Each structure stands twice: as C-alpha cells, then as structure tokens.
file run.cif (mmCIF, C-alpha atoms)
data_entry
#
loop_
_atom_site.group_PDB
_atom_site.id
_atom_site.type_symbol
_atom_site.label_atom_id
_atom_site.label_comp_id
_atom_site.auth_asym_id
_atom_site.auth_seq_id
_atom_site.Cartn_x
_atom_site.Cartn_y
_atom_site.Cartn_z
ATOM 1 C CA MET A 38 140.696 119.765 37.882
ATOM 2 C CA ILE A 39 140.407 123.475 37.114
ATOM 3 C CA GLN A 40 138.801 124.575 33.860
ATOM 4 C CA ASN A 41 138.165 128.262 33.266
ATOM 5 C CA ASN A 42 137.180 128.506 29.627
ATOM 6 C CA ASP A 43 135.331 131.811 30.169
ATOM 7 C CA GLY A 44 138.539 133.674 31.055
ATOM 8 C CA THR A 45 137.847 133.932 34.788
ATOM 9 C CA THR A 46 141.045 134.027 36.852
ATOM 10 C CA LEU A 47 141.342 131.769 39.893
ATOM 11 C CA SER A 48 143.435 133.192 42.736
ATOM 12 C CA LEU A 49 145.318 130.806 45.037
ATOM 13 C CA LYS A 50 147.070 132.072 48.165
ATOM 14 C CA ASN A 51 148.673 130.176 51.047
ATOM 15 C CA THR A 52 147.535 126.835 49.674
ATOM 16 C CA GLN A 53 148.888 123.379 50.567
ATOM 17 C CA ILE A 54 148.080 120.226 48.576
ATOM 18 C CA TYR A 55 149.561 116.856 49.522
ATOM 19 C CA ASN A 56 149.655 113.215 48.395
ATOM 20 C CA CYS A 57 147.408 113.036 45.338
ATOM 21 C CA ALA A 58 146.982 109.869 43.300
ATOM 22 C CA ASN A 59 147.266 111.705 39.971
ATOM 23 C CA TYR A 60 147.609 115.505 40.113
ATOM 24 C CA GLY A 61 147.916 118.110 42.807
ATOM 25 C CA ILE A 62 146.425 120.645 40.388
ATOM 26 C CA LEU A 63 145.297 119.718 36.885
ATOM 27 C CA ALA A 64 144.412 122.890 34.992
ATOM 28 C CA GLN A 65 143.047 122.874 31.442
ATOM 29 C CA THR A 66 142.675 126.127 29.517
ATOM 30 C CA ALA A 67 142.577 127.820 32.898
ATOM 31 C CA TYR A 68 143.646 131.201 34.256
ATOM 32 C CA ILE A 69 145.428 130.953 37.615
ATOM 33 C CA ASN A 70 147.215 133.607 39.656
ATOM 34 C CA ALA A 71 148.923 131.976 42.648
ATOM 35 C CA GLU A 72 151.299 132.803 45.483
ATOM 36 C CA ASN A 73 152.632 130.844 48.452
ATOM 37 C CA VAL A 74 151.481 127.485 47.085
ATOM 38 C CA VAL A 75 152.992 124.181 48.231
ATOM 39 C CA ILE A 76 152.235 120.915 46.422
ATOM 40 C CA ASN A 77 153.983 117.707 47.437
ATOM 41 C CA ASN A 78 153.737 114.225 45.927
ATOM 42 C CA ALA A 79 151.407 113.167 43.137
ATOM 43 C CA GLY A 80 151.258 110.113 40.929
ATOM 44 C CA GLN A 81 151.657 112.076 37.688
ATOM 45 C CA ALA A 82 152.394 115.757 38.433
ATOM 46 C CA THR A 83 152.043 118.085 41.356
ATOM 47 C CA LEU A 84 151.076 120.819 38.871
ATOM 48 C CA ALA A 85 149.857 120.252 35.312
ATOM 49 C CA CYS A 86 149.005 123.318 33.218
ATOM 50 C CA SER A 87 147.591 121.766 30.070
ATOM 51 C CA TYR A 88 145.695 122.625 26.889
ATOM 52 C CA GLY A 89 146.756 126.256 27.043
ATOM 53 C CA GLY A 90 145.639 128.902 29.494
ATOM 54 C CA LYS A 91 147.382 131.616 31.481
ATOM 55 C CA TYR A 92 149.281 130.969 34.712
ATOM 56 C CA GLN A 93 151.382 132.904 37.191
ATOM 57 C CA PHE A 94 153.005 131.346 40.259
ATOM 58 C CA LYS A 95 155.118 133.307 42.741
ATOM 59 C CA HIS A 96 156.967 131.959 45.780
ATOM 60 C CA SER A 97 155.644 128.441 45.339
ATOM 61 C CA THR A 98 157.158 125.026 46.061
ATOM 62 C CA PHE A 99 156.483 121.981 43.881
ATOM 63 C CA ASN A 100 158.081 118.710 44.960
ATOM 64 C CA ASN A 101 157.384 115.175 43.804
ATOM 65 C CA ASN A 102 158.877 112.073 45.394
ATOM 66 C CA TRP A 103 156.062 109.770 44.280
ATOM 67 C CA ASN A 104 157.278 106.257 43.529
ATOM 68 C CA SER A 105 156.327 105.855 39.872
ATOM 69 C CA SER A 106 158.012 105.650 36.497
ATOM 70 C CA ASN A 107 156.774 108.932 35.029
ATOM 71 C CA GLN A 108 156.057 111.432 37.783
ATOM 72 C CA VAL A 109 157.214 115.059 37.560
ATOM 73 C CA ALA A 110 156.783 118.162 39.654
ATOM 74 C CA VAL A 111 155.537 120.543 36.922
ATOM 75 C CA THR A 112 154.303 119.912 33.384
ATOM 76 C CA LEU A 113 153.158 122.447 30.775
ATOM 77 C CA ASN A 114 151.558 121.848 27.383
ATOM 78 C CA ASN A 115 149.284 123.535 24.849
ATOM 79 C CA PHE A 116 147.324 120.589 23.458
ATOM 80 C CA SER A 117 144.942 117.750 24.261
ATOM 81 C CA LEU A 118 145.080 114.757 21.949
ATOM 82 C CA GLY A 119 141.740 114.104 20.282
ATOM 83 C CA ALA A 120 140.206 117.408 21.367
ATOM 84 C CA ILE A 121 138.685 119.878 18.905
ATOM 85 C CA PRO A 122 140.657 122.006 18.445
ATOM 86 C CA GLU A 123 143.612 119.858 19.469
ATOM 87 C CA SER A 124 145.790 122.801 20.534
ATOM 88 C CA LYS A 125 145.072 126.049 22.393
ATOM 89 C CA ASP A 126 147.320 128.981 23.206
ATOM 90 C CA LEU A 127 149.408 128.830 26.319
ATOM 91 C CA GLU A 128 149.179 132.582 26.719
ATOM 92 C CA ALA A 129 151.635 132.645 29.622
ATOM 93 C CA ALA A 130 153.087 130.359 32.251
ATOM 94 C CA THR A 131 155.315 132.401 34.535
ATOM 95 C CA PHE A 132 157.097 131.024 37.592
ATOM 96 C CA THR A 133 159.003 133.467 39.784
ATOM 97 C CA ASN A 134 160.911 132.727 43.011
ATOM 98 C CA CYS A 135 159.796 129.092 42.910
ATOM 99 C CA ILE A 136 161.246 125.655 43.692
ATOM 100 C CA ILE A 137 160.591 122.730 41.307
ATOM 101 C CA TYR A 138 162.178 119.585 42.708
ATOM 102 C CA GLY A 139 161.719 115.872 43.312
ATOM 103 C CA SER A 140 163.277 112.431 43.352
ATOM 104 C CA PHE A 141 163.765 111.990 39.589
ATOM 105 C CA THR A 142 166.417 113.486 37.307
ATOM 106 C CA ASN A 143 163.946 115.695 35.428
ATOM 107 C CA GLU A 144 161.095 117.306 37.324
ATOM 108 C CA LEU A 145 159.979 119.793 34.654
ATOM 109 C CA PHE A 146 158.221 118.510 31.520
ATOM 110 C CA LEU A 147 157.412 120.861 28.626
ATOM 111 C CA SER A 148 155.531 119.700 25.536
ATOM 112 C CA LYS A 149 154.054 121.759 22.724
ATOM 113 C CA LYS A 150 152.312 121.760 19.363
ATOM 114 C CA THR A 151 153.414 124.433 16.906
ATOM 115 C CA THR A 152 149.775 125.126 15.991
ATOM 116 C CA ALA A 153 149.256 127.230 19.135
ATOM 117 C CA ALA A 154 151.296 129.652 21.230
ATOM 118 C CA PHE A 155 153.534 128.229 23.927
ATOM 119 C CA ASN A 156 154.714 131.040 26.185
ATOM 120 C CA TYR A 157 156.563 130.167 29.378
ATOM 121 C CA GLN A 158 159.097 131.836 31.645
ATOM 122 C CA PHE A 159 161.027 130.791 34.742
ATOM 123 C CA ASN A 160 162.640 133.579 36.752
ATOM 124 C CA ASN A 161 164.777 133.046 39.852
ATOM 125 C CA CYS A 162 163.772 129.416 40.229
ATOM 126 C CA LEU A 163 165.516 126.331 41.573
ATOM 127 C CA LEU A 164 164.946 123.486 39.098
ATOM 128 C CA LYS A 165 165.893 119.832 39.100
ATOM 129 C CA GLN A 166 166.581 119.106 35.449
ATOM 130 C CA GLU A 167 169.349 117.849 33.171
ATOM 131 C CA ALA A 168 171.587 120.782 32.283
ATOM 132 C CA SER A 169 172.939 119.190 29.094
ATOM 133 C CA SER A 170 169.638 118.664 27.272
ATOM 134 C CA THR A 171 169.690 119.316 23.514
ATOM 135 C CA ASN A 172 165.943 119.992 23.533
ATOM 136 C CA PRO A 173 165.431 123.675 22.629
ATOM 137 C CA LEU A 174 162.777 124.014 25.336
ATOM 138 C CA TYR A 175 165.346 123.491 28.116
ATOM 139 C CA GLN A 176 168.231 125.826 27.280
ATOM 140 C CA PHE A 177 168.641 127.273 30.762
ATOM 141 C CA ALA A 178 171.962 129.047 30.190
ATOM 142 C CA THR A 179 171.401 130.505 26.726
ATOM 143 C CA ASP A 180 167.644 131.103 26.402
ATOM 144 C CA ALA A 181 167.123 134.466 28.080
ATOM 145 C CA VAL A 182 163.554 134.731 26.791
ATOM 146 C CA HIS A 183 162.381 131.773 28.864
ATOM 147 C CA TYR A 184 164.908 131.491 31.705
ATOM 148 C CA SER A 185 166.665 133.930 34.011
ATOM 149 C CA ASN A 186 168.695 133.307 37.179
ATOM 150 C CA ILE A 187 168.050 129.573 37.251
ATOM 151 C CA ILE A 188 169.629 127.364 39.911
ATOM 152 C CA LEU A 189 169.987 123.830 38.578
ATOM 153 C CA ASN A 190 170.142 120.599 40.558
ATOM 154 C CA GLN A 191 170.954 122.013 43.963
ATOM 155 C CA ASN A 192 169.249 120.436 46.947
ATOM 156 C CA PRO A 193 166.738 122.729 48.672
ATOM 157 C CA LYS A 194 167.174 120.598 51.811
ATOM 158 C CA PHE A 195 163.552 120.375 52.882
ATOM 159 C CA LEU A 196 162.829 119.636 56.523
ATOM 160 C CA ASN A 197 161.074 116.322 55.760
ATOM 161 C CA SER A 198 159.431 115.905 52.369
ATOM 162 C CA THR A 199 158.026 112.470 53.235
ATOM 163 C CA ARG A 200 155.951 114.175 55.937
ATOM 164 C CA ASN A 201 154.983 117.108 53.715
ATOM 165 C CA LYS A 202 157.296 119.493 55.534
ATOM 166 C CA LEU A 203 158.903 121.526 52.748
ATOM 167 C CA ASN A 204 160.292 124.183 55.066
ATOM 168 C CA ILE A 205 163.909 125.239 54.514
ATOM 169 C CA ASP A 206 166.661 126.436 56.835
ATOM 170 C CA ALA A 207 169.717 128.615 56.272
ATOM 171 C CA SER A 208 171.645 125.757 54.595
ATOM 172 C CA SER A 209 169.238 125.544 51.646
ATOM 173 C CA ALA A 210 170.382 126.451 48.140
ATOM 174 C CA ALA A 211 167.162 128.473 47.874
ATOM 175 C CA VAL A 212 168.135 131.032 50.521
ATOM 176 C CA GLY A 213 168.394 134.606 49.280
ATOM 177 C CA LYS A 214 168.108 133.698 45.592
ATOM 178 C CA GLY A 215 164.768 135.361 44.862
ATOM 179 C CA ASN A 216 164.001 138.497 42.891
ATOM 180 C CA PRO A 217 162.975 141.212 45.390
ATOM 181 C CA ASN A 218 160.883 142.969 42.739
ATOM 182 C CA PHE A 219 158.387 140.098 42.936
ATOM 183 C CA ILE A 220 158.513 139.389 46.657
ATOM 184 C CA ILE A 221 155.398 138.268 48.520
ATOM 185 C CA PRO A 222 156.222 139.915 51.890
ATOM 186 C CA ILE A 223 154.735 137.181 54.116
ATOM 187 C CA ASP A 224 155.400 133.485 53.600
ATOM 188 C CA ILE A 225 152.847 130.671 53.680
ATOM 189 C CA ILE A 226 152.890 130.343 57.484
ATOM 190 C CA GLY A 227 153.076 134.031 58.380
ATOM 191 C CA ASN A 228 156.824 134.693 58.540
ATOM 192 C CA THR A 229 158.181 137.950 57.143
ATOM 193 C CA ARG A 230 160.445 137.373 54.171
ATOM 194 C CA SER A 231 163.983 138.716 54.108
ATOM 195 C CA THR A 232 165.405 140.689 51.183
ATOM 196 C CA PRO A 233 166.505 139.281 48.812
ATOM 197 C CA PRO A 234 163.868 136.636 49.448
ATOM 198 C CA ASP A 235 164.262 132.882 49.628
ATOM 199 C CA LEU A 236 162.814 130.770 46.839
ATOM 200 C CA GLY A 237 159.672 128.786 47.440
ATOM 201 C CA ALA A 238 156.768 129.250 49.806
ATOM 202 C CA TYR A 239 158.783 129.286 53.050
ATOM 203 C CA GLN A 240 161.126 131.832 54.581
ATOM 204 C CA ASN A 241 164.124 129.969 55.986
ATOM 205 C CA LYS A 242 164.017 129.283 59.720
ATOM 206 C CA PRO A 243 166.018 126.931 61.963
ATOM 207 C CA PHE A 244 164.556 123.443 62.008
ATOM 208 C CA PRO A 245 163.145 122.177 65.301
ATOM 209 C CA LYS A 246 165.488 119.876 67.158
#
call {"tool": "encode", "arguments": {"input": "run.cif", "output": "structure tokens"}}
result
Amino acid sequence: MIQNNDGTTLSLKNTQIYNCANYGILAQTAYINAENVVINNAGQATLACSYGGKYQFKHSTFNNNWNSSNQVAVTLNNFSLGAIPESKDLEAATFTNCIIYGSFTNELFLSKKTTAAFNYQFNNCLLKQEASSTNPLYQFATDAVHYSNIILNQNPKFLNSTRNKLNIDASSAAVGKGNPNFIIPIDIIGNTRSTPPDLGAYQNKPFPK
C-alpha cells in the first residue's frame, strides 16, 4: 500500500510486480509518477488508485488473468466508505502509451462520488473494455476530455502472460500506436524505442524460438 498524504510524489521506473494475492499497487490519496511499469496478476487489481490522489503512468503494462470473480487490471476511485471525509479529490489520473488488459471482459473499473473531483485521462492506450457501455465514465469514442486514441479489445499478444512475460512482438496491436510526444526513449529492459513508440513497457522484439 502507498499512502502519501503529505503531498510527496513517489517515482517508479522500470518496475515489475507479479502475482499478488490482492493488489499489485494499492495507492490511497497518493502521488505517483511512473514509467516503464509492468504489473501482472492480482486477486483484486494490478493497480488501484483509490481515495483520490494524483497519478501519472507512461509506457506501462497492466494485465490481470487472476482466476476470480471480480478482478480487474486498473481501478480508480475518489472515496473510501466509512472514512472521514468519505471522498477526496482525484486530482489527476493520467495514463499515456499504456496497455490495460486481462482475461475478463472489462479490465478498467471507474467509480466516483460527486462530492470530490474525479479527473482521469487515457491517451494512446490499449484497453480491454465493453465498447457499448451506457455508463458516462466509459464513452471512449465521444468523450474527448477523458479519452484520446484508444484501442479497444485488441489482443496485445504477450509472449507468455502466465509466466509474467508481457513482452510483445511485431504482430501486437500495440505496435507503433503510442504518442511520440510522451515517449520514454528506453524500454523496461534497455531497448531503444522506435518512433512512433509501441504501447506498454516493452519495445517489440521477435520472440525467442
């Protein structure tokens, strides 16, 4: 769990988190600035940004194939039931050039109280999520404030997610779909990124035979 109630920003770079019983990262009212992060498999969420805070993730891969009834890859909210106060501002939650994927139909869960700010934005991201949702929080095609250049429900074709290998090759739907204005030049394992960059933490490379 990460709690930064004093406004201190935690920086995460080239970080891998695998196979957690509950959460890969559980952040409450935290400030996180992250790049080249990979989180795979968690009982509830690979990344939970809860009870407000301020978050920025670039070139990160969140995947959840955990065998449960309610797991997701990423969840955002601005409240904690029973807390005082119950809601706190989600100042920002920005995901750029990221992959959010998993074994279930919906791998992104957004939940808010109107008593606090709920600011989120997904730019150049591959998401696994129902495209026909009537929920106003998930209007990928028409909500330009919160979503831009979203790729929905296309397989990133990871090398082997069951073995925590979320590398991609040239056949991935994530190849060349990133925004070059936000490129992290070197990927999580030291490869130079092409331009336009691939989504997620890995530059595409041929898989080993």
call {"tool": "closest_residue", "arguments": {"input": "run.cif", "among": "A:Leu47, A:Leu145, A:Ala178, A:Leu236", "to": "Ala71 in chain A", "atoms": "all atoms listed in the file"}}
result
A:Leu47
call {"tool": "atom_distance", "arguments": {"input": "run.cif", "atom1": "CA of Asn204 in chain A", "atom2": "CA of Pro243 in chain A"}}
result
9.4 Å
call {"tool": "residues_around", "arguments": {"input": "run.cif", "residues": "range 159-176 of chain A", "least_positions_apart": "2", "cutoff": "10 Å", "atoms": "only C-alpha atoms", "output": "MDAnalysis selection string"}}
result
chainID A and resid 94:100 110 130:149 157 178:193 210:211 214:216 219 235:237
call {"tool": "resolve_selection", "arguments": {"input": "run.cif", "expression": "the PyMOL selection byres ((chain A and resi 197) around 12)", "output": "MDAnalysis selection string"}}
result
chainID A and resid 77 100 102 193:196 198:206 244:245
call {"tool": "closest_residue", "arguments": {"input": "run.cif", "among": "A:Gly80, A:Gly44, A:Gly119, A:Gly90", "to": "Asn107 in chain A", "atoms": "all atoms listed in the file"}}
result
A:Gly80
call {"tool": "residues_around", "arguments": {"input": "run.cif", "residues": "Phe116 in chain A", "least_positions_apart": "6", "cutoff": "7 Å", "atoms": "only C-alpha atoms", "output": "number ranges by chain"}}
result
A: 87-89, 123-125, 149-150
call {"tool": "residues_around", "arguments": {"input": "run.cif", "residues": "Thr45 in chain A", "least_positions_apart": "2", "cutoff": "8 Å", "atoms": "only C-alpha atoms", "output": "list in words"}}
result
Asn41, Asn42, Asp43, Leu47, Ala67 and Tyr68 of chain A
call {"tool": "residues_near_point", "arguments": {"input": "run.cif", "point": "(158.3, 130.7, 54.1)", "cutoff": "6 Å", "atoms": "all atoms listed in the file", "output": "VMD selection string"}}
result
chain A and resid 224 to 225 238 to 240
call {"tool": "axis_aligned_box", "arguments": {"input": "run.cif", "around": "range 132-148 of chain A", "padding_each_side": "3 Å", "output": "lines of an AutoDock Vina configuration file"}}
result
center_x = 161.0
center_y = 122.7
center_z = 34.6
size_x = 16.9
size_y = 27.5
size_z = 24.2
call {"tool": "atom_distance", "arguments": {"input": "run.cif", "atom1": "CA of Cys57 in chain A", "atom2": "CA of Ala120 in chain A"}}
result
25.4 Å
call {"tool": "residues_near_point", "arguments": {"input": "run.cif", "point": "(148.9, 122.9, 50.6)", "cutoff": "6 Å", "atoms": "all atoms listed in the file", "output": "list in words"}}
result
Thr52, Gln53, Ile54, Val75 and Ile76 of chain A
call {"tool": "write_last_selection", "arguments": {"input": "run.cif", "atoms": "C-alpha atoms", "output": "CSV table (one decimal), in the coordinates of the input"}}
result
chain,number,residue,atom,x,y,z
A,52,THR,CA,147.5,126.8,49.7
A,53,GLN,CA,148.9,123.4,50.6
A,54,ILE,CA,148.1,120.2,48.6
A,75,VAL,CA,153.0,124.2,48.2
A,76,ILE,CA,152.2,120.9,46.4
call {"tool": "atom_distance", "arguments": {"input": "run.cif", "atom1": "CA of Thr232 in chain A", "atom2": "CA of Gln158 in chain A"}}
result
22.4 Å
call {"tool": "residues_around", "arguments": {"input": "run.cif", "residues": "Ala79 in chain A", "least_positions_apart": "6", "cutoff": "7 Å", "atoms": "all atoms listed in the file", "output": "list in words"}}
result
Asn56, Cys57, Ala58, Asn59, Tyr60, Gly61, Asn101 and Trp103 of chain A
call {"tool": "write_last_selection", "arguments": {"input": "run.cif", "atoms": "C-alpha atoms", "output": "compact mmCIF listing (two decimals), in the coordinates of the input"}}
result
# COMPACT_ATOMS: atom_id res chain seq x y z
CA ASN A 56 149.66 113.22 48.40
CA CYS A 57 147.41 113.04 45.34
CA ALA A 58 146.98 109.87 43.30
CA ASN A 59 147.27 111.70 39.97
CA TYR A 60 147.61 115.50 40.11
CA GLY A 61 147.92 118.11 42.81
CA ASN A 101 157.38 115.18 43.80
CA TRP A 103 156.06 109.77 44.28
call {"tool": "resolve_selection", "arguments": {"input": "run.cif", "expression": "the PyMOL selection byres ((chain A and resi 156) around 6)", "output": "PyMOL selection string"}}
result
chain A and resi 127-129+155+157
call {"tool": "closest_residue", "arguments": {"input": "run.cif", "among": "A:Gly227, A:Gln93, A:Leu84, A:Ser105", "to": "Tyr55 in chain A", "atoms": "all atoms listed in the file"}}
result
A:Leu84
call {"tool": "closest_residue", "arguments": {"input": "run.cif", "among": "A:Thr66, A:Asn73, A:Asn104, A:Thr151", "to": "Cys86 in chain A", "atoms": "all atoms listed in the file"}}
result
A:Thr66
call {"tool": "closest_residue", "arguments": {"input": "run.cif", "among": "A:Ala153, A:Gln81, A:Pro222, A:Tyr92", "to": "Leu49 in chain A", "atoms": "only C-alpha atoms"}}
result
A:Tyr92
